[in-house]
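A.B. asks: Here it is: the structure, laid out below.
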Amino acid sequence: MFVIVVGAGKVGYFLARELIQSGHEVAIMERDRARAAQVTEEIGSIVIPHDGCEGKYLGEAGANRADIVAAVTGDDEDNLVICQMAKHHFDVPRTIARVNNPKNESLFKHLGVDEIVSPTRMILGSIEADIPVHELLHLAVLGGGELELVEAQLREGSPAVGCTAGSLSLPDGCSIFAVIRDERALSVRSDTELREGDKLIGIGRTECEAELHRLLLGEDEATA
Amino acid sequence: MPEANTPVFRRAVIALSGSAIDAGIVRLALEVTRHTHAELIAVHVVELDWTQPLDADVAERSEEAQRVLDAAEGIAELMHGKLESVLVQARDVGAAIVDEAAAREADLLILGLPYRTRFGGDFAIGRAVPYALKNAPCAVWVVREPMGEESR
């Protein structure tokens, strides 16, 4: 597979190295000439010392035959431009973008980037998973960023404790489909009674998050 | 017989650029290895840009590339020497030559440096020679073309 990696920072450098070790053909684009020279020295003559945001140079890097373009610069705007150009101008089958600001995720999806990777979101998820807070945990983003897979742990005082799943007036387009209780996953029926300590796994539209939080866990202090 | 202080090489790679100096370095290599029966490998690299895959059928169809190799083989024949010619497609000439020398465990790499002046005197050394000098695992000989009359 031929992969163009745009951005030879730490992420781009190690990504390219791993891809090469896996036997893929890789070209790296880096507009900072000093950094490009340094990476060439370390990794070989696969670095194109030009700006991947410019169509001319993306073309010279072989975008016309690339299987994947991965835009991993530290700049969201650049990554978006690179992926859009690769997708729409060069018909690259798969574009992957690093998104530094999680707020840009939906925009990237909306504008046709095939895959987005948000280190910020990943770290946030990891922190949330380790800290017992009265929050909805984001497990995954689905459906092009419009849907979220969430987890809510019911605690003493949570409004949903003692209710049956069927009695909850969930927002339209949201559903709870599993309960993790005593380390076991149970499917949710309408008569399933929710207990303190239950972890509810649900799916819902991103904009319903606050309502879901209110119903299951109580008023969200951050938004109240 | 080689003189006592002449280094003995077992295998030498000659980098052919397609310029006038190619004939000179092929003759030199044949002379140097005449008595030691060293293996000579003449390598011509066709540089491909990134728009084409490395296995694109370019070099084999290139008359220019064939001419470069044929010329080297012709000189070897005239001098009653043996020479293997190799055509390589790569992204970068310097790296390809050094890789070839390393892969074949050559103990000598010979490159020619055509005399070209830029802007009335700045010597154009290019990228391949510095790369080879810096990275080749074996001995490297760089043979510079004589200066043109107008430059003396």
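In the structure tokens, chains take the letters A, B, ... in the order shown, each chain's residues start at 1, and ligands count up from 1 in the order shown.
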Residues of chain A near chain B: apply a cut-off of 9 Å, count only C-alpha atoms, and supply the list as a ChimeraX atom specification.
C.D. replies: /A:2,27,44-46,59-66
A.B. asks: Which residues come within 12 Å of Asp182 of chain A, counting only C-alpha atoms, excluding same-chain residues fewer than 5 positions away, as a list in words?
C.D. replies: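 Residues near the query, excluding close chain neighbours: Arg195, Glu196, Gly197, Asp198 and Lys199 of chain A.
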A.B. asks: Could you list, as JSON, numbers by chain, every residue within 12 Å of segment 105-120 of chain A, counting only C-alpha atoms and ignoring same-chain residues fewer than 2 positions away?
C.D. replies: {"A": [11, 68, 69, 70, 71, 72, 73, 74, 76, 77, 78, 79, 80, 81, 82, 83, 84, 85, 86, 87, 88, 91, 92, 93, 94, 95, 96, 97, 98, 99, 100, 101, 102, 103, 122, 123, 124, 125, 126, 127, 140, 141, 142, 143, 144, 145, 146, 147, 148, 206]}
A.B. asks: Using the selection just defined, write its residues with C-alpha atoms as a JSON list (two decimals), in the first residue's frame.
C.D. replies:
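Below you can see out01.json, which holds the result:
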```
[["chain", "number", "residue", "atom", "x", "y", "z"],
["A", 11, "VAL", "CA", 3.38, 11.49, 15.07],
["A", 68, "ILE", "CA", -4.11, 6.55, 1.88],
["A", 69, "VAL", "CA", -3.29, 10.14, 2.76],
["A", 70, "ALA", "CA", -2.77, 10.69, 6.48],
["A", 71, "ALA", "CA", -2.68, 14.35, 7.51],
["A", 72, "VAL", "CA", -1.05, 14.46, 10.93],
["A", 73, "THR", "CA", 0.26, 18.00, 11.24],
["A", 74, "GLY", "CA", -0.35, 19.93, 14.43],
["A", 76, "ASP", "CA", -6.41, 21.15, 12.19],
["A", 77, "GLU", "CA", -7.04, 23.58, 9.35],
["A", 78, "ASP", "CA", -4.08, 22.22, 7.38],
["A", 79, "ASN", "CA", -5.15, 18.63, 8.00],
["A", 80, "LEU", "CA", -8.64, 19.39, 6.75],
["A", 81, "VAL", "CA", -7.37, 21.09, 3.58],
["A", 82, "ILE", "CA", -4.94, 18.22, 2.87],
["A", 83, "CYS", "CA", -7.63, 15.56, 3.26],
["A", 84, "GLN", "CA", -10.17, 17.44, 1.19],
["A", 85, "MET", "CA", -7.69, 18.02, -1.61],
["A", 86, "ALA", "CA", -6.57, 14.38, -1.51],
["A", 87, "LYS", "CA", -10.16, 13.17, -1.56],
["A", 88, "HIS", "CA", -11.73, 15.47, -4.09],
["A", 91, "ASP", "CA", -9.52, 10.68, -5.63],
["A", 92, "VAL", "CA", -7.52, 9.13, -2.83],
["A", 93, "PRO", "CA", -9.62, 6.21, -1.54],
["A", 94, "ARG", "CA", -8.95, 6.81, 2.15],
["A", 95, "THR", "CA", -8.09, 9.96, 4.06],
["A", 96, "ILE", "CA", -7.17, 10.08, 7.72],
["A", 97, "ALA", "CA", -6.83, 13.28, 9.72],
["A", 98, "ARG", "CA", -5.45, 14.08, 13.10],
["A", 99, "VAL", "CA", -7.87, 16.40, 14.89],
["A", 100, "ASN", "CA", -6.36, 18.29, 17.76],
["A", 101, "ASN", "CA", -9.44, 20.22, 18.83],
["A", 102, "PRO", "CA", -12.32, 17.78, 19.51],
["A", 103, "LYS", "CA", -14.78, 20.51, 18.56],
["A", 122, "MET", "CA", -8.63, 9.64, 23.46],
["A", 123, "ILE", "CA", -6.79, 11.03, 26.46],
["A", 124, "LEU", "CA", -9.97, 12.59, 27.75],
["A", 125, "GLY", "CA", -11.74, 9.26, 27.46],
["A", 126, "SER", "CA", -8.94, 7.55, 29.28],
["A", 127, "ILE", "CA", -9.02, 10.06, 32.11],
["A", 140, "ALA", "CA", -17.17, 6.12, 20.87],
["A", 141, "VAL", "CA", -18.40, 8.43, 18.19],
["A", 142, "LEU", "CA", -20.55, 6.76, 15.56],
["A", 143, "GLY", "CA", -22.48, 7.58, 12.43],
["A", 144, "GLY", "CA", -20.18, 10.27, 11.14],
["A", 145, "GLY", "CA", -20.08, 12.07, 14.48],
["A", 146, "GLU", "CA", -23.82, 12.40, 14.92],
["A", 147, "LEU", "CA", -24.19, 9.56, 17.40],
["A", 148, "GLU", "CA", -22.34, 8.78, 20.59],
["A", 206, "THR", "CA", -24.86, 14.14, 20.40]]
```
A.B. asks: Using only C-alpha atoms, which residues sit within 8 Å of Ala101 of chain B once same-chain residues fewer than 6 positions away are excluded, as a PyMOL selection string?
C.D. replies: chain B and resi 12-13+107-109+136+138
A.B. asks: Those residues with N, CA and C atoms, as a PDB file, in the first residue's frame please?
C.D. replies:
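Saved file part.pdb follows:
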```pdb
ATOM      1  N   ALA B  12      33.850  -4.079  -7.238  1.00  0.00           N
ATOM      2  CA  ALA B  12      33.681  -2.626  -7.326  1.00  0.00           C
ATOM      3  C   ALA B  12      32.381  -2.292  -8.046  1.00  0.00           C
ATOM      4  N   VAL B  13      31.705  -1.297  -7.520  1.00  0.00           N
ATOM      5  CA  VAL B  13      30.494  -0.796  -8.172  1.00  0.00           C
ATOM      6  C   VAL B  13      30.837   0.531  -8.844  1.00  0.00           C
ATOM      7  N   ASP B 107      33.676  -3.538  -2.203  1.00  0.00           N
ATOM      8  CA  ASP B 107      34.668  -2.861  -1.362  1.00  0.00           C
ATOM      9  C   ASP B 107      35.157  -1.563  -2.002  1.00  0.00           C
ATOM     10  N   LEU B 108      34.583  -1.242  -3.172  1.00  0.00           N
ATOM     11  CA  LEU B 108      34.917   0.030  -3.803  1.00  0.00           C
ATOM     12  C   LEU B 108      33.712   0.547  -4.581  1.00  0.00           C
ATOM     13  N   LEU B 109      33.468   1.834  -4.421  1.00  0.00           N
ATOM     14  CA  LEU B 109      32.410   2.499  -5.191  1.00  0.00           C
ATOM     15  C   LEU B 109      33.064   3.656  -5.943  1.00  0.00           C
ATOM     16  N   ALA B 136      28.331   5.505   2.149  1.00  0.00           N
ATOM     17  CA  ALA B 136      28.766   4.215   1.592  1.00  0.00           C
ATOM     18  C   ALA B 136      29.642   3.464   2.600  1.00  0.00           C
ATOM     19  N   CYS B 138      31.774   1.199   1.922  1.00  0.00           N
ATOM     20  CA  CYS B 138      33.057   0.799   1.325  1.00  0.00           C
ATOM     21  C   CYS B 138      33.889   2.034   0.966  1.00  0.00           C
TER      22      CYS B 138
END
```
A.B. asks: Just how far from atom CA of Ser17 of chain B is atom CA of Ala65 of chain B, in Å to one decimal?
C.D. replies: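 Between these atoms lies a distance of 9.4 Å.
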A.B. asks: With DSSP run on the backbone, what are the alpha helix (DSSP H) residues within segment 38-107 of chain B? I'd like them as a list in words.
C.D. replies: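 Assigned to alpha helix (DSSP H), within segment 38-107 of chain B: Glu63, Glu64, Ala65, Gln66, Arg67, Val68, Leu69, Asp70, Ala71, Ala72, Glu73, Gly74, Ile75, Ala76, Glu77, Leu78, Val93, Gly94, Ala95, Ala96, Ile97, Val98, Asp99, Glu100, Ala101, Ala102 and Ala103 of chain B.
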A.B. asks: Generate the output file for the selected residues, N, CA and C atoms, as a compact mmCIF listing (two decimals), in the first residue's frame.
C.D. replies:
```
# COMPACT_ATOMS: atom_id res chain seq x y z
N GLU B 63 15.59 4.11 -23.95
CA GLU B 63 16.73 3.93 -24.85
C GLU B 63 17.98 4.56 -24.26
N GLU B 64 17.79 5.66 -23.58
CA GLU B 64 18.93 6.37 -22.98
C GLU B 64 19.62 5.47 -21.93
N ALA B 65 18.80 4.83 -21.09
CA ALA B 65 19.37 3.96 -20.05
C ALA B 65 20.13 2.79 -20.69
N GLN B 66 19.56 2.24 -21.73
CA GLN B 66 20.22 1.12 -22.42
C GLN B 66 21.53 1.58 -23.06
N ARG B 67 21.51 2.80 -23.61
CA ARG B 67 22.71 3.33 -24.26
C ARG B 67 23.85 3.48 -23.25
N VAL B 68 23.51 3.95 -22.05
CA VAL B 68 24.52 4.15 -21.01
C VAL B 68 25.19 2.81 -20.65
N LEU B 69 24.36 1.80 -20.49
CA LEU B 69 24.90 0.48 -20.11
C LEU B 69 25.66 -0.17 -21.28
N ASP B 70 25.11 -0.02 -22.48
CA ASP B 70 25.79 -0.60 -23.65
C ASP B 70 27.17 0.01 -23.84
N ALA B 71 27.26 1.32 -23.61
CA ALA B 71 28.55 2.00 -23.78
C ALA B 71 29.58 1.44 -22.81
N ALA B 72 29.17 1.23 -21.56
CA ALA B 72 30.09 0.69 -20.55
C ALA B 72 30.52 -0.73 -20.93
N GLU B 73 29.56 -1.53 -21.37
CA GLU B 73 29.89 -2.91 -21.77
C GLU B 73 30.84 -2.92 -22.97
N GLY B 74 30.63 -1.97 -23.88
CA GLY B 74 31.49 -1.87 -25.06
C GLY B 74 32.93 -1.58 -24.68
N ILE B 75 33.13 -0.68 -23.73
CA ILE B 75 34.49 -0.35 -23.28
C ILE B 75 35.14 -1.58 -22.63
N ALA B 76 34.35 -2.27 -21.81
CA ALA B 76 34.89 -3.47 -21.15
C ALA B 76 35.32 -4.51 -22.19
N GLU B 77 34.54 -4.64 -23.22
CA GLU B 77 34.85 -5.61 -24.27
C GLU B 77 36.16 -5.23 -24.98
N LEU B 78 36.26 -3.93 -25.29
CA LEU B 78 37.48 -3.46 -25.97
C LEU B 78 38.72 -3.70 -25.13
N VAL B 93 19.15 8.87 -6.54
CA VAL B 93 20.30 8.20 -7.15
C VAL B 93 21.34 7.82 -6.10
N GLY B 94 21.69 8.78 -5.25
CA GLY B 94 22.74 8.52 -4.26
C GLY B 94 22.41 7.33 -3.37
N ALA B 95 21.20 7.33 -2.85
CA ALA B 95 20.80 6.24 -1.95
C ALA B 95 20.78 4.90 -2.69
N ALA B 96 20.33 4.94 -3.94
CA ALA B 96 20.25 3.68 -4.72
C ALA B 96 21.65 3.11 -4.98
N ILE B 97 22.59 3.97 -5.31
CA ILE B 97 23.96 3.49 -5.58
C ILE B 97 24.59 2.91 -4.32
N VAL B 98 24.42 3.63 -3.23
CA VAL B 98 24.99 3.15 -1.97
C VAL B 98 24.33 1.83 -1.56
N ASP B 99 23.02 1.75 -1.73
CA ASP B 99 22.31 0.51 -1.39
C ASP B 99 22.83 -0.65 -2.24
N GLU B 100 23.05 -0.38 -3.51
CA GLU B 100 23.53 -1.43 -4.42
C GLU B 100 24.94 -1.90 -3.99
N ALA B 101 25.77 -0.93 -3.66
CA ALA B 101 27.14 -1.27 -3.22
C ALA B 101 27.11 -2.09 -1.94
N ALA B 102 26.21 -1.68 -1.04
CA ALA B 102 26.11 -2.40 0.24
C ALA B 102 25.54 -3.80 0.02
N ALA B 103 24.50 -3.89 -0.80
CA ALA B 103 23.84 -5.19 -1.02
C ALA B 103 24.81 -6.18 -1.67
```
A.B. asks: I'd like the contact shell of Gly202 of chain A - 10 Å cut-off, only C-alpha atoms, skipping same-chain residues fewer than 3 positions apart - returned as a ChimeraX atom specification.
C.D. replies: /A:136,139,148-152,174-179,199,212
A.B. asks: Take atom CA of Gly162 of chain A and atom CA of Glu183 of chain A and report the distance between them in Å, one decimal.
C.D. replies: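 Atom CA of Gly162 of chain A sits 19.5 Å away from atom CA of Glu183 of chain A.
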A.B. asks: Using DSSP secondary structure from the backbone, list all strand (DSSP E) positions within chain B, as a ChimeraX atom specification.
C.D. replies: /B:11-16,39-47,84-90,108-113,117-118,122-123,139-144
A.B. asks: Smallest atom-to-atom distance to Val45 of chain B: which of B:Asp57, B:Arg27, B:His80, B:Gln89, using only C-alpha atoms?
C.D. replies: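 Of the candidates, the smallest distance to Val45 of chain B is held by B:Gln89.
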A.B. asks: Quick one: residues within 6 Å of segment 163-170 of chain A, only C-alpha atoms counted, chain neighbours fewer than 3 positions away excluded, as an mmCIF file with C-alpha atoms, in the first residue's frame?
C.D. replies:
```cif
data_model
loop_
_atom_site.group_PDB
_atom_site.id
_atom_site.type_symbol
_atom_site.label_atom_id
_atom_site.label_comp_id
_atom_site.auth_asym_id
_atom_site.auth_seq_id
_atom_site.Cartn_x
_atom_site.Cartn_y
_atom_site.Cartn_z
ATOM 1 C CA ALA A 160 -32.960 6.580 37.374
ATOM 2 C CA SER A 190 -38.585 -2.542 29.521
ATOM 3 C CA ASP A 191 -39.075 -4.195 32.939
ATOM 4 C CA THR A 192 -35.391 -4.152 33.876
ATOM 5 C CA GLU A 193 -35.120 -2.329 37.165
ATOM 6 C CA LEU A 194 -32.153 -0.014 37.369
#
```
A.B. asks: Would you kindly return, as a ChimeraX atom specification, each protein, DNA or RNA residue with an atom no farther than 10 Å from any atom of Tyr13 of chain A, considering only C-alpha atoms and excluding same-chain residues fewer than 3 positions away?
C.D. replies: /A:5-10,16-18,28,39,42-43,72
A.B. asks: I need the residue nearest Val129 of chain B from this list: B:Ala15, B:Val88, B:Ala29, B:Ile41. Use only C-alpha atoms for the distance.
C.D. replies: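 Checking each candidate against Val129 of chain B, we get B:Ala15 as the closest.
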A.B. asks: For atom CA of His138 of chain A and atom CA of Glu207 of chain A, determine how far apart the two atoms are, in Å to one decimal place.
C.D. replies: 13.2 Å
